[in-house]
Every structure is written in C-alpha cells, then in structure tokens.
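**Q** I am attaching a structure below and will ask some questions about it afterwards.
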Amino acid sequence: MDASVSATLAAVEDALRGHLASADPLVAEAARHLAEAGGKRFRPLLVALGAQFGDPTAPEIVDAANVIELTHLATLYHDDVMDEAAVRRGAPSANARWGNSVAILVGDYLFAQAADLAAKLGTEAVHLQAQTFARLVHGQIAETVGPRGTDPIDHHLHVITEKTASLIATAVRFGGLFSGARPEHVEALAGYGETIGIAFQLSDDLLDIASESVQSGKTPGTDLREGVPTLPVLYALAGDDTDASAVRLRELLAAGPITDDALHAEALTLLRESAAMKRARETVRTYAEEARSRLAPLPEGEPRRAMEALCDVIADRTG
C-alpha cells in the first residue's frame with residue numbers, strides 16, 4: 001500500500017505543476033508561489049488513502065486529488081489577504097509580494113482551475129466541489145463576523161468544521177468515490193474525513209502554543225500575538241479557576257493581541273502549563289477517537305490501519 005500511495009502522491013505533484021501554469025507569466029509565477037513553498041499535501045494523501053478501498057490505480061484519482069489541492073491553495077491566497085499575513089509556509093505571502101489584488105485574483109484563478117478539472121471528472125465531482133466551496137465560504141464568513149451571540153467555543157468548532165474539515169472530508173470522499181469503492185464505504189470515509197479534519201486543525205492550533213520550534217510552520221505563539229482565539233485560549237477565558245496563574249492568564253488573554261514581548265512570553269508559558277491546554281489536548285483526542293470509530297464499516301486491512309494510525313499521530317503530536 002505504501003508504494004501505491006507514494007506513486008499517487010508523486011503523480012499528483014507532477015500534474016499539479018501543469019495545473020498551475022498560465023499563459024501570463026505573472027499569474028504562473030504567483031500561482032506556483034505557495035505550491036513550491038511546500039506544505040504537507042495532507043489532503044492529496046487522504047485522497048490516496050481513501051482510494052485504497054477501491055482501485056487506487058484508477059486514472060481519476062490523480063485528477064481528484066488535484067481538484068482538492070488546487071481548491072486548498074486558492075483558499076490560502078484569499079486567507080492571507082483577509083488576515084493581512086506577511087508570511088506563509090516560511091516564505092513571503094503572495095499578498096506581501098504582489099499586493100492584495102494579485103493575490104485575490106490568483107486565488108480566483110486556482111478556483112477556476114479546480115472547477116475545470118472537476119468538470120472532467122463529471123457532474124458529481126462538480127456538485128461536490130461546489131458544495132464544499134460553499135461550506136468553505138460560510139466558514140470564512142463565520143470566522144470574520146465572530147460568534148454573534150453564540151457560545152465562542154461552539155462558534156470556533158463550527159468555523160473549523162466548515163473552513164477546514166469540509167474540504168478534508170471531500171478529499172477522502174473523492175478517493176473512495178473515484179476508486180469505485182462501495183457507497184457505504186464512501187460515506188464512512190467522508191465521515192472519517194470530516195472528524196479527522198477537525199482534530200487536524202485543532203492540533204495545528206495547539207502546536208502553535210506547544211512547539212518550541214517552527215514545527216507548526218510559524219513562530220510559536222503567533223496566534224497569541226495576533227489575538228487569534230484558538231481553543232486553548234477560549235477554554236482559558238471561559239474557565240473559572242481561582243488560582244493565581246489561571247487568573248493572570250485570563251487577564252492577559254482578555255486584553256486581545258499580545259504584542260509586548262515580555263507579556264507574550266508570560267502568556268505563552270502560562271498557557272502551556274494551564275488546565276485549558278490540557279482540556280484542549282483531550283478535545284483533540286476525542287475527535288481523533290471519533291474519527292477512528294467512523295472507520296468501523298470499512299474492511300479490516302492495511303488501508304484501514306493506516307487511517308487509524310493517522311488518528312494516533314494527530315492525537316499525540318501536541319504532547
């Protein structure tokens with residue numbers, strides 16, 4: 001199975017370069033920018049794993065994975081404009097390098113490329129990609145406008161489900177669907193994808209706090225410095241612990257973005273050692289275990305074990 005997945009990912013990477021091409025040299029350069037900066041290719045990996053439950057050599061698999069990765073890349077260009085991000089994947093963001101207008105339009109171009117490729121896969125692929133795109137937009141809007149009277153923790157989990165997990169669910173669904181897997185297996189794969197997607201994003205957010213290095217792809221504590229309310233922060237703010245460290249942490253977090261270096265270091269240390277961080281780790285593990293349970297309808301074997309192992313990796317990587 002490892003050789004099959006590796007071969008699929010190599011083919012996806014080769015094809016991706018072609019889909020990033022454009023007759024306009026600026027569009028081509030800007031479109032390649034984030035893809036060449038790296039990235040985990042987590043979503044194409046899940047397409048390849050989902051395909052193991054049918055015929056993993058089906059020619060549609062590589063195209064399906066590229067639909068997913070192009071859609072993902074497009075969202076990154078738009079996200080960086082909205083977040084006014086200066087860096088992405090350790091390189092200057094597209095908006096920092098070429099300006100917001102070019103970054104937005106290149107994101108649009110990548111969405112167009114994804115849609116064109118989906119059309120080659122058939123109407124069901126177009127329908128699923130459009131539905132997923134709508135969920136991505138809803139998630140981004142929800143994040144932009146904030147909780148609007150709803151519980152901040154519930155709101156945060158809703159944003160992650162729509163903005164991140166929806167595309168990961170479609171990635172695994174595409175793998176099963178275009179490999180010819182049985183319909184009940186395709187549904188199980190999609191349920192797994194959505195749940196593991198939530199765990200994946202939550203664990204990424206925890207890495208921003210827990211890592212001592214740039215393991216998360218950005219300087220540790222970036223979210224704190226920018227005032228991004230991740231799950232440990234929301235748990236800390238909602239807590240009612242009366243010990244001095246918890247009270248001090250709530251005081252620091254309630255002020256919003258922590259730009260002062262000394263205060264930032266203090267908040268990061270307190271958060272790492274907090275009950276809120278422990279609770280957030282338990283939440284990640286809960287979602288990872290739920291994802292594992294979604295695999296129950298699938299046949300035993302190496303592909304299922306690989307997907308179960310992914311649950312363990314995501315649950316364990318934040319300590």
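If you're wondering about the labels, chains in the structure tokens are A, B, ... by order shown, residues count from 1 in each chain, ligands from 1 in order shown.
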When you look at A:Arg182 with a cut-off of 12 Å (counting only C-alpha atoms), what residues show up, excluding the ones that are within fewer than 2 positions of it in the same chain? I need them as a ChimeraX atom specification.

**A** /A:50-55,173,175-180,184-189,297-299

**Q** Please identify all polymer residues within 10 Å of stretch 29-31 of chain A, counting only C-alpha atoms, omitting same-chain residues fewer than 4 positions from it, and present them as an NGL selection string.

**A** :A and (17 or 19-22 or 24-25 or 35-36 or 70 or 73-74 or 77 or 93-95 or 97-98 or 102-103 or 105-107 or 109-110)

**Q** Could the residues in this selection be saved with C-alpha atoms as a PDB file, in the first residue's frame?

**A**
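Output contents, as saved in out-v8.pdb:
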ATOM      1  CA  ARG A  17       2.704  21.806 -11.842  1.00  0.00           C
ATOM      2  CA  HIS A  19      -2.442  22.967 -13.482  1.00  0.00           C
ATOM      3  CA  LEU A  20      -0.533  25.924 -12.013  1.00  0.00           C
ATOM      4  CA  ALA A  21       0.654  27.014 -15.442  1.00  0.00           C
ATOM      5  CA  SER A  22      -0.713  30.095 -17.200  1.00  0.00           C
ATOM      6  CA  ASP A  24       0.510  35.067 -18.233  1.00  0.00           C
ATOM      7  CA  PRO A  25       3.986  34.861 -16.635  1.00  0.00           C
ATOM      8  CA  ALA A  35       2.767  25.250  -4.007  1.00  0.00           C
ATOM      9  CA  GLU A  36       6.549  25.475  -4.355  1.00  0.00           C
ATOM     10  CA  LEU A  70      -5.993  23.479  -6.042  1.00  0.00           C
ATOM     11  CA  LEU A  73      -4.234  26.508  -2.342  1.00  0.00           C
ATOM     12  CA  ALA A  74      -6.806  29.007  -3.586  1.00  0.00           C
ATOM     13  CA  TYR A  77      -4.281  33.121  -1.103  1.00  0.00           C
ATOM     14  CA  SER A  93       2.876  35.628   1.322  1.00  0.00           C
ATOM     15  CA  ALA A  94       1.556  36.355  -2.154  1.00  0.00           C
ATOM     16  CA  ASN A  95      -0.181  39.495  -0.931  1.00  0.00           C
ATOM     17  CA  ARG A  97       4.964  40.112  -2.533  1.00  0.00           C
ATOM     18  CA  TRP A  98       2.484  41.168  -5.240  1.00  0.00           C
ATOM     19  CA  VAL A 102      -2.988  39.992  -7.452  1.00  0.00           C
ATOM     20  CA  ALA A 103      -3.287  37.541  -4.530  1.00  0.00           C
ATOM     21  CA  LEU A 105      -7.134  37.142  -8.485  1.00  0.00           C
ATOM     22  CA  VAL A 106      -4.605  34.303  -8.366  1.00  0.00           C
ATOM     23  CA  GLY A 107      -6.778  32.600  -5.771  1.00  0.00           C
ATOM     24  CA  TYR A 109      -7.610  31.548 -10.977  1.00  0.00           C
ATOM     25  CA  LEU A 110      -6.816  28.485  -8.873  1.00  0.00           C
TER      26      LEU A 110
END

**Q** Which one of A:Arg292, A:Arg272, A:Val145, A:Leu263 sits closest to A:Ala306 if you count only C-alpha atoms?

**A** A:Arg292

**Q** Given the choices A:Ser274, A:Gln131, A:Thr144, A:Thr219, which gets closest to A:Ala169 if the distance is worked out from only C-alpha atoms?

**A**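 Counting only C-alpha atoms, the residue closest to A:Ala169 is A:Gln131.
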
**Q** So that I can check the secondary structure, give me every residue of stretch 83-115 of chain A assigned alpha helix (DSSP H) by backbone DSSP, as a PyMOL selection string.

**A** chain A and resi 83+94-98+100-115

**Q** Show which residues sit within 6 Å of A:Cys311, as a VMD selection string. Count only C-alpha atoms, and ignore same-chain residues fewer than 3 positions away.

**A** chain A and resid 288 308 314

**Q** At a cut-off of 12 Å, using only C-alpha atoms, what residues contact A:Asp63? Leave out same-chain residues fewer than 6 positions from it and give the result as an MDAnalysis selection string.

**A** chainID A and resid 8:9 11:16 18:19 44 47:48 57 69:70 113:122 125 171 174:175 178:179

**Q** With distances taken over only C-alpha atoms, which residue among A:Glu212, A:Ser245, A:Ile196, A:Val233 lies nearest A:Arg285?

**A**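 Checking each candidate against A:Arg285, we get A:Ile196 as the closest.
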
**Q** Which distance in Å separates atom CA of A:Phe42 and atom CA of A:Ile168, to one decimal?

**A**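 Spanning atom CA of A:Phe42 to atom CA of A:Ile168 is a straight-line distance of 8.5 Å.
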
**Q** With only C-alpha atoms as the basis for distance, which of A:Ala276, A:Pro56, A:Arg225, A:Thr230 is at the shortest distance from A:Arg250?

**A**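 Smallest distance to A:Arg250 is found for A:Ala276.
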
**Q** May I have all residues of stretch 84-186 of chain A that DSSP, computed from the backbone, assigns to strand (DSSP E or B), given as a short mmCIF file (atom, residue, chain, number, x, y, z; two decimals) with C-alpha atoms, in the first residue's frame?

**A**
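Listing of states.cif after writing:
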data_model
loop_
_atom_site.label_atom_id
_atom_site.label_comp_id
_atom_site.auth_asym_id
_atom_site.auth_seq_id
_atom_site.Cartn_x
_atom_site.Cartn_y
_atom_site.Cartn_z
CA VAL A 87 4.44 35.03 5.70
CA ARG A 88 3.04 31.70 4.55
CA ALA A 91 8.07 32.47 2.57
CA PRO A 92 6.63 35.94 1.91
#

**Q** Select, from A:Asp204, A:Glu226, A:Asp241, A:Glu84, the residue with the minimum atom-to-atom distance to A:Val313, counting only C-alpha atoms.

**A** A:Asp204

**Q** Have a look at A:Leu157, A:Leu253, A:Leu224, A:Leu295 and name the one nearest to A:Thr283; count only C-alpha atoms.

**A**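 Using only C-alpha atoms, A:Thr283 sits closest to A:Leu157.
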
**Q** As a list in words, please: the residues near stretch 132-142 of chain A (cut-off 6 Å, only C-alpha atoms, same-chain neighbours under 6 positions excluded).

**A**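 Answer for this query is Val159, Glu162 and Lys163 of chain A.
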